[in-house]
Amino acid sequence: MVVDSDLTPTQGSKLQVALGVKVVDRTQLILDIFAQRAQTNEGKHQVELAQLQYALPRLTGRGAEMMRLGAGIGTRGPGEQKLEVDRRVIRKRINRLRAELDEIRKHRRVQRKTRTEGSAGTVALVGYTNAGKSSLLNALTNSHAFVEDKLFATLDPCSRRCPLPEGGHIVITDTVGFIRKLPHSLVAAFRATLEEVTDADIILLVADVSHEAVSEHIDAVNTVLDEIGVEGKPIIRVFNKTDIADPAHVREQLRGPGTTVAVSAKSGEGMNDLLRLIQETLALKRKRVWLRIPQRDAGLLNELYEDGRVFERRYEDNTILVDAELDAATAGRLESYFETSVPSETREGAYAHPA
């Protein structure tokens with residue numbers, strides 16, 4: 001029996017006794033699906049962590065087999081119950097998984113920094129499960145990421161480069177699909193994966209516009225974004241699957257608040273419009289400036305390369321002249337270094353004087 005709600009350990013135990021059948025609540029069902037989909041070592045670790053966090057408070061009441069006594073090295077003595085041994089083993093495994101996932105998290109940050117060097121920005125695809133995020137990634141980047149018509153087909157983030165209409169490129173990352181009432185244990189376990197969303201410059205909220213509950217799906221995704229701390233980032237709502245949707249329904253959704261665009265990852269409809277929106281949105285967040293940095297402050301170059309995009313660097317006397325594109329926060333911190341005169345050999349139109 002499957003219950004579309006979360007049950008406390010006591011509720012689950014009493015229902016099983018009363019009905020005489022195995023009772024599975026919403027969280028357990030979602031965890032089981034995630035376990036089937038996990039392919040990589042990271043994905044398996046994240047799912048196992050969530051499963052153990054779910055199971056730990058539910059060890060009590062499992063029957064007489066939990067009351068056997070244990071003894072030996074590593075236990076508190078012959079009087080310790082089997083239940084306490086199991087709890088201690090699970091807690092130890094949880095701590096180990098967290099430590100391993102923290103290492104994966106650090107490694108992912110290094111990979112992300114290397115992957116995004118020289119790009120105009122980073123974009124994260126988020127959306128309700130099975131909204132077509134992976135198909136959209138493939139359509140935009142001409143790649144072949146795994147696509148399947150199943151819930152949570154993508155558990156591990158997949159990043160690809162995407163050229164922009166006016167030159168340059170962005171890095172687009174596909175992420176795990178969200179769902180209504182996503183278990184908190186899964187959100188916590190997938191922290192390393194979800195950092196791809198919190199660190200992105202732009203978020204594409206992909207929704208299946210052909211689904212009758214598309215508005216509810218968008219609300220569910222926004223709830224998860226709030227939970228993981230996404231604030232102040234530009235969000236473009238991308239209504240996918242227009243090739244099978246009612247045109248009137250598509251027009252109605254496009255009239256909603258915020259920046260919206262209708263696309264079909266299958267037919268290619270709307271892809272150029274989406275890329276132009278991304279480019280325009282990035283331009284609003286960043287500015288191209290020249291900075292004159294004294295040699296004594298040369299350490300600032302690391303910040304420019306880490307938080308911005310450096311096009312050119314010249315050494316003149318005891319200063320470093322840098323042509324860079326910066327986000328608003330970094331530009332504000334470095335405003336005192338702005339160069340007020342444009343170098344004469346700079347091509348016309350290549351430099352935007354800071355406001």
# chains A, B, ... in the order shown; residues from 1 in each chain; ligands from 1
call {"tool": "closest_atom_pairs", "arguments": {"of": "segment 157-265 of chain A", "to": "segment 90-110 of chain A", "cutoff": "10 Å", "atoms": "only C-alpha atoms", "output": "Markdown table"}}
result
| residue | atom | partner | partner_atom | distance |
| --- | --- | --- | --- | --- |
| A:Ala189 | CA | A:Arg98 | CA | 8.2 |
| A:Phe190 | CA | A:Leu101 | CA | 9.0 |
| A:Arg191 | CA | A:Arg105 | CA | 8.3 |
| A:Ala192 | CA | A:Arg105 | CA | 5.0 |
| A:Thr193 | CA | A:Arg105 | CA | 7.9 |
| A:Glu195 | CA | A:Arg105 | CA | 8.6 |
| A:Glu196 | CA | A:Arg109 | CA | 9.0 |
| A:Asp199 | CA | A:Arg109 | CA | 9.8 |
call {"tool": "write_last_selection", "arguments": {"atoms": "N, CA and C atoms", "output": "CSV table (one decimal), in the first residue's frame"}}
result
chain,number,residue,atom,x,y,z
A,189,ALA,N,20.8,15.8,1.0
A,189,ALA,CA,21.8,14.8,0.5
A,189,ALA,C,22.3,15.3,-0.9
A,190,PHE,N,21.5,16.0,-1.6
A,190,PHE,CA,21.9,16.4,-3.0
A,190,PHE,C,22.5,17.9,-3.0
A,191,ARG,N,23.0,18.3,-1.8
A,191,ARG,CA,23.5,19.6,-1.7
A,191,ARG,C,24.6,19.9,-2.7
A,192,ALA,N,25.6,19.0,-2.9
A,192,ALA,CA,26.7,19.2,-3.8
A,192,ALA,C,26.1,19.4,-5.3
A,193,THR,N,25.1,18.6,-5.6
A,193,THR,CA,24.6,18.7,-7.0
A,193,THR,C,23.8,20.0,-7.1
A,195,GLU,N,24.3,22.8,-5.8
A,195,GLU,CA,25.2,24.0,-5.8
A,195,GLU,C,25.3,24.5,-7.3
A,196,GLU,N,25.1,23.6,-8.2
A,196,GLU,CA,25.2,24.0,-9.6
A,196,GLU,C,24.1,25.0,-9.9
A,199,ASP,N,25.0,28.5,-7.8
A,199,ASP,CA,26.1,29.2,-8.3
A,199,ASP,C,25.9,29.7,-9.7
call {"tool": "atom_distance", "arguments": {"atom1": "atom CA of Ser159 of chain A", "atom2": "atom CA of Gly229 of chain A"}}
result
21.4 Å
call {"tool": "residues_around", "arguments": {"residues": "Glu303 of chain A", "least_positions_apart": "5", "cutoff": "12 Å", "atoms": "only C-alpha atoms", "output": "VMD selection string"}}
result
chain A and resid 297 to 298 308 to 310 324 to 327 329 to 331 333 to 334
call {"tool": "atom_distance", "arguments": {"atom1": "atom CA of Glu42 of chain A", "atom2": "atom CA of Cys158 of chain A"}}
result
12.9 Å
call {"tool": "atom_distance", "arguments": {"atom1": "atom CA of Glu227 of chain A", "atom2": "atom CA of Thr40 of chain A"}}
result
25.3 Å
call {"tool": "residues_around", "arguments": {"residues": "Thr173 of chain A", "least_positions_apart": "6", "cutoff": "12 Å", "atoms": "only C-alpha atoms", "output": "number ranges by chain"}}
result
A: 112, 115-116, 121-126, 133-134, 136-138, 140-141, 145, 154, 156-162, 193-204
call {"tool": "residues_around", "arguments": {"residues": "Gly167 of chain A", "least_positions_apart": "2", "cutoff": "12 Å", "atoms": "only C-alpha atoms", "output": "JSON, numbers by chain"}}
result
{"A": [119, 120, 162, 163, 164, 165, 169, 170, 275, 276, 279]}
call {"tool": "closest_residue", "arguments": {"among": "A:Val17, A:Ile179, A:Val23, A:Leu254", "to": "Asn130 of chain A", "atoms": "only C-alpha atoms"}}
result
A:Ile179
call {"tool": "select_by_dssp", "arguments": {"residues": "segment 69-294 of chain A", "states": "helix (DSSP H, G or I)", "output": "ChimeraX atom specification"}}
result
/A:82-116,133-141,184-189,191-198,214-227,242-244,247-254,271-285
